[in-house]
file target.cif (mmCIF, C-alpha atoms)
data_entry
#
loop_
_atom_site.label_atom_id
_atom_site.label_comp_id
_atom_site.auth_asym_id
_atom_site.auth_seq_id
_atom_site.Cartn_x
_atom_site.Cartn_y
_atom_site.Cartn_z
CA MET A 1 5.82 -122.20 49.94
CA LEU A 2 2.39 -123.69 49.26
CA THR A 3 3.62 -127.22 48.54
CA ASP A 4 6.07 -126.91 51.45
CA GLN A 5 3.14 -126.61 53.88
CA TYR A 6 1.75 -129.94 52.67
CA ILE A 7 5.15 -131.61 52.91
CA GLY A 8 5.61 -130.09 56.37
CA PHE A 9 2.22 -131.39 57.50
CA LEU A 10 2.90 -134.93 56.25
CA SER A 11 6.41 -135.04 57.73
CA THR A 12 5.30 -133.89 61.18
CA PRO A 13 5.00 -136.99 63.41
CA PRO A 14 1.97 -137.76 65.58
CA LEU A 15 2.37 -136.64 69.19
CA TRP A 16 1.93 -140.25 70.30
CA VAL A 17 1.87 -143.58 68.49
CA ASN A 18 -1.14 -145.91 68.41
CA THR A 19 -3.27 -145.40 71.56
CA GLN A 20 -2.52 -143.25 74.60
CA PHE A 21 -4.82 -141.56 77.11
CA GLY A 22 -7.67 -143.67 75.72
CA ILE A 23 -7.32 -141.92 72.34
CA GLU A 24 -6.15 -143.67 69.17
CA GLN A 25 -4.22 -141.86 66.46
CA PHE A 26 -5.52 -141.85 62.89
CA LEU A 27 -2.80 -143.37 60.74
CA PHE A 28 -2.40 -140.90 57.90
CA PRO A 29 -1.93 -142.77 54.61
CA GLU A 30 1.40 -142.71 52.80
CA MET A 31 1.24 -140.70 49.60
CA ASP A 32 3.33 -139.56 46.68
CA LEU A 33 2.88 -135.83 46.09
CA SER A 34 4.63 -135.75 42.70
CA SER A 35 1.27 -135.35 40.89
CA PHE A 36 -0.42 -133.34 43.64
CA THR A 37 -1.49 -129.77 42.80
CA PRO A 38 -2.41 -127.84 45.95
CA LYS A 39 -5.13 -125.23 46.00
CA PRO A 40 -4.47 -121.85 47.63
CA ILE A 41 -4.98 -121.63 51.39
CA PRO A 42 -6.52 -118.46 52.88
CA LYS A 43 -3.80 -116.53 54.72
CA ARG A 44 -6.01 -114.48 57.02
CA ILE A 45 -7.10 -117.47 59.07
CA ARG A 46 -5.45 -119.09 62.07
CA LEU A 47 -2.72 -121.64 61.44
CA GLY A 48 -4.92 -124.42 62.80
CA HIS A 49 -7.56 -123.64 60.18
CA GLN A 50 -4.88 -123.54 57.48
CA MET A 51 -3.92 -127.06 58.51
CA GLU A 52 -7.55 -128.12 58.06
CA TYR A 53 -7.36 -126.96 54.43
CA VAL A 54 -4.09 -128.90 54.03
CA CYS A 55 -5.48 -132.06 55.63
CA LYS A 56 -8.70 -131.94 53.59
CA GLN A 57 -6.87 -131.62 50.27
CA LEU A 58 -4.48 -134.44 51.15
CA ILE A 59 -7.34 -136.77 52.09
CA GLU A 60 -9.15 -135.87 48.87
CA PHE A 61 -5.97 -136.68 46.93
CA GLN A 62 -5.38 -140.18 48.35
CA PRO A 63 -7.58 -143.21 47.44
CA ASP A 64 -8.10 -144.97 50.78
CA TYR A 65 -10.65 -142.66 52.42
CA GLU A 66 -13.55 -140.54 51.28
CA ILE A 67 -14.77 -137.49 53.16
CA LEU A 68 -18.39 -137.75 54.27
CA LEU A 69 -18.36 -134.43 56.06
CA HIS A 70 -15.98 -131.68 57.04
CA ASN A 71 -16.40 -128.87 59.59
CA LEU A 72 -19.99 -129.65 60.51
CA PRO A 73 -21.30 -127.22 63.17
CA ILE A 74 -23.51 -128.76 65.86
CA ARG A 75 -26.17 -126.34 67.07
CA GLU A 76 -28.52 -126.13 69.99
CA GLY A 77 -31.16 -123.69 68.81
CA LYS A 78 -29.23 -120.73 67.39
CA LYS A 79 -26.12 -121.47 69.46
CA THR A 80 -23.21 -123.47 68.02
CA ILE A 81 -22.06 -125.89 70.73
CA GLY A 82 -19.26 -127.52 68.76
CA GLU A 83 -17.96 -128.64 65.40
CA ILE A 84 -17.04 -132.00 63.86
CA ASP A 85 -13.75 -131.81 61.96
CA PHE A 86 -13.95 -134.82 59.63
CA ILE A 87 -15.97 -137.97 59.16
CA LEU A 88 -14.37 -140.36 56.70
CA ARG A 89 -15.29 -143.70 55.16
CA ASP A 90 -12.56 -146.28 54.74
CA VAL A 91 -13.15 -147.42 51.16
CA HIS A 92 -11.80 -150.91 51.91
CA SER A 93 -13.39 -151.80 55.27
CA ARG A 94 -16.34 -149.37 54.89
CA LYS A 95 -15.79 -148.25 58.48
CA ILE A 96 -16.93 -144.75 59.42
CA ILE A 97 -14.18 -142.79 61.17
CA HIS A 98 -14.48 -139.51 63.03
CA VAL A 99 -11.14 -137.66 62.93
CA GLU A 100 -10.37 -134.67 65.13
CA LEU A 101 -7.45 -132.75 63.66
CA THR A 102 -4.95 -130.92 65.87
CA TYR A 103 -1.62 -129.39 64.85
CA LYS A 104 0.34 -127.79 67.68
CA PHE A 105 3.64 -126.18 68.60
CA TYR A 106 4.58 -126.90 72.19
CA ILE A 107 7.58 -126.06 74.30
CA ILE A 108 8.68 -128.61 76.90
CA ASN A 109 8.91 -126.99 80.33
CA PRO A 110 11.42 -128.99 82.43
CA GLU A 111 10.26 -127.25 85.61
CA ILE A 112 7.11 -129.42 85.58
CA SER A 113 7.57 -133.03 86.69
CA GLU A 114 4.78 -134.86 84.84
CA PRO A 115 5.60 -135.21 81.09
CA ILE A 116 2.05 -134.67 79.80
CA HIS A 117 1.80 -131.43 81.80
CA ARG A 118 5.15 -130.11 80.51
CA LEU A 119 3.81 -129.31 77.04
CA MET A 120 2.51 -125.79 76.56
CA GLY A 121 2.27 -123.19 73.83
CA PRO A 122 5.19 -120.72 73.59
CA ASN A 123 2.93 -117.98 75.00
CA LYS A 124 1.66 -120.24 77.85
CA ARG A 125 -1.91 -119.87 76.59
CA ASP A 126 -2.27 -123.42 75.35
CA MET A 127 -1.75 -126.60 77.38
CA PHE A 128 -1.53 -130.09 75.88
CA PHE A 129 -3.26 -131.80 78.81
CA THR A 130 -6.24 -129.44 78.59
CA LYS A 131 -6.56 -130.00 74.82
CA MET A 132 -6.31 -133.77 75.17
CA GLU A 133 -9.00 -133.86 77.88
CA LYS A 134 -11.27 -131.65 75.77
CA ILE A 135 -10.98 -133.97 72.77
CA LYS A 136 -11.82 -137.05 74.80
CA ASN A 137 -14.54 -135.62 77.04
CA GLU A 138 -16.16 -133.02 74.80
CA GLN A 139 -15.35 -133.33 71.11
CA PHE A 140 -15.79 -137.11 70.91
CA GLN A 141 -18.93 -137.00 73.05
CA LEU A 142 -20.44 -134.25 70.90
CA LEU A 143 -21.31 -136.82 68.20
CA HIS A 144 -23.39 -138.80 70.71
CA SER A 145 -25.25 -135.82 72.16
CA PRO A 146 -28.90 -135.36 71.11
CA GLN A 147 -27.86 -132.44 68.88
CA GLY A 148 -24.96 -134.41 67.35
CA ILE A 149 -27.11 -137.49 66.71
CA LYS A 150 -29.75 -135.35 64.98
CA ALA A 151 -27.19 -133.60 62.74
CA LEU A 152 -25.57 -136.88 61.74
CA GLU A 153 -28.88 -138.65 61.07
CA ALA A 154 -29.81 -135.83 58.67
CA LEU A 155 -26.75 -136.88 56.65
CA GLY A 156 -27.53 -140.59 56.89
CA ILE A 157 -24.75 -141.34 59.40
CA GLU A 158 -25.47 -143.58 62.41
CA HIS A 159 -23.57 -142.30 65.44
CA ASN A 160 -23.20 -145.76 66.99
CA GLU A 161 -21.19 -146.95 63.98
CA ILE A 162 -18.56 -144.22 64.27
CA ILE A 163 -14.96 -144.95 65.32
CA HIS A 164 -13.20 -142.00 67.01
CA ARG A 165 -9.63 -141.08 66.09
CA VAL A 166 -7.35 -138.06 66.32
CA CYS A 167 -4.82 -136.76 63.86
CA PHE A 168 -2.76 -134.99 66.55
CA LYS A 169 0.48 -133.73 65.04
CA ALA A 170 2.95 -131.56 66.92
CA GLN A 171 6.35 -129.94 66.79
CA LEU A 172 8.06 -129.88 70.19
CA PHE A 173 10.83 -127.61 71.42
CA LYS A 174 13.08 -128.63 74.30
CA SER A 175 14.66 -126.11 76.65
CA TYR A 176 17.87 -124.49 75.40
CA GLY A 177 20.93 -126.47 76.40
CA ALA A 178 19.00 -129.60 77.36
CA ASN A 179 20.54 -132.82 76.05
CA ALA A 180 17.32 -134.80 76.07
CA SER A 181 13.69 -134.40 76.96
CA HIS A 182 11.96 -137.22 78.82
CA ILE A 183 8.39 -137.03 77.54
CA ARG A 184 7.15 -140.63 77.54
CA PRO A 185 4.57 -141.76 76.53
CA LEU A 186 4.77 -138.94 73.98
CA ASN A 187 6.73 -139.25 70.75
CA SER A 188 10.28 -137.91 71.03
CA ASP A 189 10.47 -137.75 67.19
CA CYS A 190 8.31 -134.61 67.47
CA VAL A 191 11.23 -132.60 68.94
CA ARG A 192 12.25 -130.17 66.19
CA GLY A 193 14.13 -127.41 68.02
CA TYR A 194 14.53 -125.61 71.32
CA TRP A 195 13.29 -122.60 73.26
CA MET A 196 15.00 -119.95 75.35
CA ARG A 197 14.47 -116.66 77.14
CA PHE A 198 15.69 -113.30 75.84
CA ASP A 199 18.79 -113.26 78.09
CA ASP A 200 19.91 -116.53 76.51
CA PHE A 201 19.54 -115.09 73.01
CA ASN A 202 21.26 -111.84 73.98
CA THR A 203 24.71 -113.44 74.15
CA VAL A 204 27.81 -113.54 71.97
CA GLU A 205 27.16 -117.16 71.04
CA PHE A 206 24.61 -116.20 68.38
CA ARG A 207 26.22 -113.09 66.88
CA GLN A 208 28.02 -114.74 63.97
CA ASN A 209 24.83 -116.26 62.54
CA GLN A 210 21.99 -114.96 60.36
CA PHE A 211 18.32 -115.07 61.29
CA TYR A 212 14.81 -115.03 59.90
CA ILE A 213 11.52 -114.64 61.77
CA PRO A 214 8.99 -116.76 59.82
CA SER A 215 5.31 -115.95 59.53
CA LYS A 216 2.99 -118.43 61.25
CA SER A 217 2.19 -119.99 57.87
CA GLU A 218 5.89 -120.88 57.64
CA TRP A 219 6.12 -122.44 61.10
CA VAL A 220 5.10 -125.82 59.67
CA ILE A 221 7.96 -126.04 57.17
CA GLU A 222 11.63 -126.76 57.74
CA PRO A 223 14.08 -123.81 57.59
CA HIS A 224 15.64 -123.26 54.18
CA ALA A 225 18.02 -120.81 52.54
CA LYS A 226 15.58 -119.02 50.22
CA VAL A 227 14.42 -116.30 52.63
CA LYS A 228 15.61 -112.81 53.46
CA TRP A 229 18.10 -113.29 56.26
CA SER A 230 18.86 -110.58 58.83
CA SER A 231 21.82 -109.86 61.06
CA TYR A 232 21.88 -110.79 64.72
CA PHE A 233 21.44 -107.20 65.92
CA GLU A 234 18.53 -106.51 63.55
CA THR A 235 16.85 -109.68 64.78
CA LEU A 236 17.58 -108.89 68.43
CA MET A 237 15.72 -105.58 68.15
CA GLU A 238 12.75 -107.15 66.38
CA VAL A 239 12.55 -109.96 68.93
CA ASN A 240 12.63 -107.47 71.79
CA LEU A 241 9.65 -105.59 70.31
CA LEU A 242 7.67 -108.81 69.92
CA LEU A 243 8.42 -109.88 73.48
CA LEU A 244 7.21 -106.53 74.81
CA LYS A 245 3.85 -107.39 73.22
CA GLU A 246 3.97 -110.82 74.92
CA ASN A 247 4.43 -112.65 71.61
CA ALA A 248 7.00 -115.45 71.52
CA PRO A 249 8.48 -115.58 67.99
CA MET A 250 9.82 -118.61 66.19
CA ILE A 251 13.27 -117.90 64.78
CA TRP A 252 15.21 -119.65 62.05
CA MET A 253 18.98 -119.51 62.43
CA LYS A 254 21.37 -120.02 59.53
CA LYS A 255 24.69 -121.40 60.76
CA SER A 256 25.99 -122.27 57.28
CA GLU A 257 24.62 -122.74 53.77
CA MET A 258 23.43 -126.22 54.74
CA GLU A 259 22.89 -125.98 58.50
CA PHE A 260 19.80 -124.43 60.06
CA GLU A 261 18.13 -124.48 63.46
CA LYS A 262 14.79 -123.22 64.72
CA PHE A 263 13.77 -122.09 68.15
CA PHE A 264 11.38 -119.93 70.13
CA VAL A 265 12.29 -116.99 72.32
CA VAL A 266 9.70 -116.64 75.09
CA TRP A 267 8.68 -113.45 76.90
CA TRP A 268 7.83 -114.87 80.31
#
call {"tool": "encode", "arguments": {"input": "target.cif", "output": "structure tokens"}}
result
Amino acid sequence: MLTDQYIGFLSTPPLWVNTQFGIEQFLFPEMDLSSFTPKPIPKRIRLGHQMEYVCKQLIEFQPDYEILLHNLPIREGKKTIGEIDFILRDVHSRKIIHVELTYKFYIINPEISEPIHRLMGPNKRDMFFTKMEKIKNEQFQLLHSPQGIKALEALGIEHNEIIHRVCFKAQLFKSYGANASHIRPLNSDCVRGYWMRFDDFNTVEFRQNQFYIPSKSEWVIEPHAKVKWSSYFETLMEVNLLLLKENAPMIWMKKSEMEFEKFFVVWW
């Protein structure tokens, strides 16, 4: 599964193309992973931190950028007020690039009219608009705060020379039964599945299929056959227990040996 996480990361599209909301996407370089040997990723850390390990190793593997710093905490006295994800140097142009990495799973809520407000985490604890505003107004500005300037100068980096970018990748899930999701100016290529409520899953339509509830480390990868599949009724019971704890699981569904789908069942 280790290499699959890297492939999953690279194949996940950016949530928008070029510049939107005053934020420009970092164009991740194309790479051939045939000679790439991944290092183990700690499993007891959040998925977002696992993606930082993935991103760091991929950048180290390719020749176009070098990492000047990674995960630099910015402190005010003894208090950490923020963290810089990556600062890279383009080896060709010599430009210094600050990259904030974000990898998210969002459902698209059709009950909300404005596309950029429709995106939320499956447990409704994570909103795209809030994250985007935080990147622009807090995380980018952190490098130009007195504390950020001091930390960067200690490493020989001039804050005025830095270009800000995001590597904001996402998998989106439209509502069950929806034909299309109108999410402009966001990237519709990010739609990878759908979401539903328990009553939708508790119907005869799904009973003939097999299911697997992936761990969060597996959320990034595409469904495949080499897992331990469960029956519909076994899965239904497990999903019900998770929903009672207000956890929305991702589910892989095997419709045939070559046909798979993935979706979230939400508790709210």
call {"tool": "resolve_selection", "arguments": {"input": "target.cif", "expression": "the PyMOL selection byres ((chain A and resi 244-250) around 6)", "output": "JSON list (two decimals) with C-alpha atoms, in the coordinates of the input"}}
result
[["chain", "number", "residue", "atom", "x", "y", "z"],
["A", 122, "PRO", "CA", 5.19, -120.72, 73.59],
["A", 123, "ASN", "CA", 2.93, -117.98, 75.00],
["A", 241, "LEU", "CA", 9.65, -105.59, 70.31],
["A", 242, "LEU", "CA", 7.67, -108.81, 69.92],
["A", 243, "LEU", "CA", 8.42, -109.88, 73.48],
["A", 251, "ILE", "CA", 13.27, -117.90, 64.78],
["A", 263, "PHE", "CA", 13.77, -122.09, 68.15],
["A", 264, "PHE", "CA", 11.38, -119.93, 70.13],
["A", 265, "VAL", "CA", 12.29, -116.99, 72.32],
["A", 266, "VAL", "CA", 9.70, -116.64, 75.09],
["A", 267, "TRP", "CA", 8.68, -113.45, 76.90]]
call {"tool": "resolve_selection", "arguments": {"input": "target.cif", "expression": "the PyMOL selection byres ((chain A and resi 135-151) around 9)", "output": "MDAnalysis selection string"}}
result
chainID A and resid 21:23 72:76 81:84 98 100 130:134 152:155 157:160 162 164:166
call {"tool": "write_last_selection", "arguments": {"input": "target.cif", "atoms": "C-alpha atoms", "output": "mmCIF file, in the coordinates of the input"}}
result
data_model
loop_
_atom_site.group_PDB
_atom_site.id
_atom_site.type_symbol
_atom_site.label_atom_id
_atom_site.label_comp_id
_atom_site.auth_asym_id
_atom_site.auth_seq_id
_atom_site.Cartn_x
_atom_site.Cartn_y
_atom_site.Cartn_z
ATOM 1 C CA PHE A 21 -4.820 -141.560 77.110
ATOM 2 C CA GLY A 22 -7.670 -143.670 75.720
ATOM 3 C CA ILE A 23 -7.320 -141.920 72.340
ATOM 4 C CA LEU A 72 -19.990 -129.650 60.510
ATOM 5 C CA PRO A 73 -21.300 -127.220 63.170
ATOM 6 C CA ILE A 74 -23.510 -128.760 65.860
ATOM 7 C CA ARG A 75 -26.170 -126.340 67.070
ATOM 8 C CA GLU A 76 -28.520 -126.130 69.990
ATOM 9 C CA ILE A 81 -22.060 -125.890 70.730
ATOM 10 C CA GLY A 82 -19.260 -127.520 68.760
ATOM 11 C CA GLU A 83 -17.960 -128.640 65.400
ATOM 12 C CA ILE A 84 -17.040 -132.000 63.860
ATOM 13 C CA HIS A 98 -14.480 -139.510 63.030
ATOM 14 C CA GLU A 100 -10.370 -134.670 65.130
ATOM 15 C CA THR A 130 -6.240 -129.440 78.590
ATOM 16 C CA LYS A 131 -6.560 -130.000 74.820
ATOM 17 C CA MET A 132 -6.310 -133.770 75.170
ATOM 18 C CA GLU A 133 -9.000 -133.860 77.880
ATOM 19 C CA LYS A 134 -11.270 -131.650 75.770
ATOM 20 C CA LEU A 152 -25.570 -136.880 61.740
ATOM 21 C CA GLU A 153 -28.880 -138.650 61.070
ATOM 22 C CA ALA A 154 -29.810 -135.830 58.670
ATOM 23 C CA LEU A 155 -26.750 -136.880 56.650
ATOM 24 C CA ILE A 157 -24.750 -141.340 59.400
ATOM 25 C CA GLU A 158 -25.470 -143.580 62.410
ATOM 26 C CA HIS A 159 -23.570 -142.300 65.440
ATOM 27 C CA ASN A 160 -23.200 -145.760 66.990
ATOM 28 C CA ILE A 162 -18.560 -144.220 64.270
ATOM 29 C CA HIS A 164 -13.200 -142.000 67.010
ATOM 30 C CA ARG A 165 -9.630 -141.080 66.090
ATOM 31 C CA VAL A 166 -7.350 -138.060 66.320
#
call {"tool": "resolve_selection", "arguments": {"input": "target.cif", "expression": "the PyMOL selection byres ((chain A and resi 51) around 10)", "output": "PyMOL selection string"}}
result
chain A and resi 5-6+9+41+46-50+52-57+101-103+217+220
call {"tool": "atom_distance", "arguments": {"input": "target.cif", "atom1": "CA of Phe26 (chain A)", "atom2": "CA of Pro40 (chain A)"}}
result
25.2 Å
call {"tool": "residues_around", "arguments": {"input": "target.cif", "residues": "Asp90 (chain A)", "least_positions_apart": "6", "cutoff": "8 Å", "atoms": "only C-alpha atoms", "output": "list of chain:residue names"}}
result
A:Asp64, A:Tyr65, A:Glu66, A:Ile96, A:Ile97
call {"tool": "residues_near_point", "arguments": {"input": "target.cif", "point": "(-17.4, -133.1, 61.0)", "cutoff": "6 Å", "atoms": "all atoms listed in the file", "output": "PDB file with C-alpha atoms, in the frame of the given file"}}
result
ATOM      1  CA  LEU A  69     -18.360-134.430  56.060  1.00  0.00           C
ATOM      2  CA  HIS A  70     -15.980-131.680  57.040  1.00  0.00           C
ATOM      3  CA  ASN A  71     -16.400-128.870  59.590  1.00  0.00           C
ATOM      4  CA  LEU A  72     -19.990-129.650  60.510  1.00  0.00           C
ATOM      5  CA  ILE A  84     -17.040-132.000  63.860  1.00  0.00           C
ATOM      6  CA  ASP A  85     -13.750-131.810  61.960  1.00  0.00           C
ATOM      7  CA  PHE A  86     -13.950-134.820  59.630  1.00  0.00           C
ATOM      8  CA  ILE A  87     -15.970-137.970  59.160  1.00  0.00           C
TER       9      ILE A  87
END
call {"tool": "atom_distance", "arguments": {"input": "target.cif", "atom1": "CA of Tyr194 (chain A)", "atom2": "CA of Leu27 (chain A)"}}
result
27.0 Å
call {"tool": "decode", "arguments": {"input": "target.cif", "residues": "region 204-238 of chain A", "atoms": "N, CA and C atoms", "output": "tab-separated table (two decimals), in the first residue's frame"}}
result
chain	number	residue	atom	x	y	z
A	204	VAL	N	-32.41	-1.99	-0.72
A	204	VAL	CA	-32.11	-3.23	-1.45
A	204	VAL	C	-31.11	-3.01	-2.58
A	205	GLU	N	-30.97	-1.79	-3.02
A	205	GLU	CA	-30.11	-1.50	-4.17
A	205	GLU	C	-28.67	-1.95	-3.96
A	206	PHE	N	-28.20	-1.96	-2.71
A	206	PHE	CA	-26.79	-2.25	-2.43
A	206	PHE	C	-26.54	-3.69	-2.01
A	207	ARG	N	-27.57	-4.47	-1.79
A	207	ARG	CA	-27.42	-5.76	-1.11
A	207	ARG	C	-26.62	-6.79	-1.89
A	208	GLN	N	-26.58	-6.69	-3.19
A	208	GLN	CA	-25.89	-7.72	-3.98
A	208	GLN	C	-24.39	-7.47	-4.08
A	209	ASN	N	-23.90	-6.35	-3.53
A	209	ASN	CA	-22.49	-6.00	-3.67
A	209	ASN	C	-21.68	-6.37	-2.42
A	210	GLN	N	-20.36	-6.26	-2.54
A	210	GLN	CA	-19.46	-6.46	-1.41
A	210	GLN	C	-18.82	-5.13	-1.04
A	211	PHE	N	-18.36	-5.04	0.23
A	211	PHE	CA	-17.93	-3.75	0.74
A	211	PHE	C	-16.66	-3.88	1.59
A	212	TYR	N	-15.97	-2.75	1.68
A	212	TYR	CA	-14.77	-2.66	2.50
A	212	TYR	C	-14.72	-1.25	3.08
A	213	ILE	N	-14.43	-1.14	4.37
A	213	ILE	CA	-14.29	0.16	5.01
A	213	ILE	C	-12.80	0.42	5.18
A	214	PRO	N	-12.22	1.28	4.34
A	214	PRO	CA	-10.76	1.49	4.38
A	214	PRO	C	-10.35	2.32	5.60
A	215	SER	N	-9.12	2.09	6.05
A	215	SER	CA	-8.53	2.96	7.06
A	215	SER	C	-8.27	4.32	6.42
A	216	LYS	N	-8.04	5.34	7.24
A	216	LYS	CA	-7.82	6.68	6.68
A	216	LYS	C	-6.58	6.71	5.79
A	217	SER	N	-5.58	5.89	6.11
A	217	SER	CA	-4.38	5.84	5.27
A	217	SER	C	-4.72	5.38	3.85
A	218	GLU	N	-5.80	4.62	3.73
A	218	GLU	CA	-6.20	4.09	2.42
A	218	GLU	C	-7.16	5.02	1.67
A	219	TRP	N	-7.63	6.07	2.32
A	219	TRP	CA	-8.57	6.97	1.66
A	219	TRP	C	-7.99	7.58	0.38
A	220	VAL	N	-6.69	7.77	0.37
A	220	VAL	CA	-6.03	8.46	-0.75
A	220	VAL	C	-6.02	7.60	-2.00
A	221	ILE	N	-6.00	6.28	-1.84
A	221	ILE	CA	-5.79	5.39	-2.99
A	221	ILE	C	-7.13	5.00	-3.62
A	222	GLU	N	-7.06	4.51	-4.85
A	222	GLU	CA	-8.25	4.06	-5.54
A	222	GLU	C	-8.64	2.67	-5.05
A	223	PRO	N	-9.93	2.36	-4.98
A	223	PRO	CA	-10.36	1.01	-4.57
A	223	PRO	C	-9.75	-0.06	-5.47
A	224	HIS	N	-9.42	-1.19	-4.87
A	224	HIS	CA	-8.86	-2.31	-5.63
A	224	HIS	C	-9.35	-3.61	-5.00
A	225	ALA	N	-9.09	-4.70	-5.69
A	225	ALA	CA	-9.67	-5.99	-5.30
A	225	ALA	C	-8.97	-6.66	-4.13
A	226	LYS	N	-7.71	-6.28	-3.84
A	226	LYS	CA	-6.89	-7.03	-2.89
A	226	LYS	C	-7.10	-6.58	-1.44
A	227	VAL	N	-8.36	-6.61	-1.00
A	227	VAL	CA	-8.71	-6.32	0.38
A	227	VAL	C	-9.70	-7.37	0.85
A	228	LYS	N	-9.98	-7.38	2.14
A	228	LYS	CA	-10.93	-8.34	2.68
A	228	LYS	C	-12.34	-7.77	2.60
A	229	TRP	N	-13.09	-8.26	1.63
A	229	TRP	CA	-14.43	-7.74	1.39
A	229	TRP	C	-15.44	-8.34	2.37
A	230	SER	N	-16.46	-7.57	2.69
A	230	SER	CA	-17.52	-8.00	3.61
A	230	SER	C	-18.86	-7.94	2.91
A	231	SER	N	-19.82	-8.67	3.47
A	231	SER	CA	-21.17	-8.66	2.92
A	231	SER	C	-21.87	-7.34	3.24
A	232	TYR	N	-22.97	-7.13	2.58
A	232	TYR	CA	-23.75	-5.91	2.80
A	232	TYR	C	-24.21	-5.82	4.25
A	233	PHE	N	-24.74	-6.89	4.80
A	233	PHE	CA	-25.30	-6.83	6.16
A	233	PHE	C	-24.21	-6.66	7.23
A	234	GLU	N	-23.05	-7.27	7.01
A	234	GLU	CA	-21.92	-7.04	7.93
A	234	GLU	C	-21.51	-5.56	7.90
A	235	THR	N	-21.45	-5.02	6.70
A	235	THR	CA	-21.05	-3.62	6.54
A	235	THR	C	-22.09	-2.68	7.13
A	236	LEU	N	-23.36	-3.01	6.91
A	236	LEU	CA	-24.44	-2.17	7.42
A	236	LEU	C	-24.35	-2.02	8.94
A	237	MET	N	-24.06	-3.12	9.63
A	237	MET	CA	-23.94	-3.07	11.09
A	237	MET	C	-22.75	-2.23	11.53
A	238	GLU	N	-21.63	-2.41	10.82
A	238	GLU	CA	-20.43	-1.66	11.18
A	238	GLU	C	-20.61	-0.17	10.92
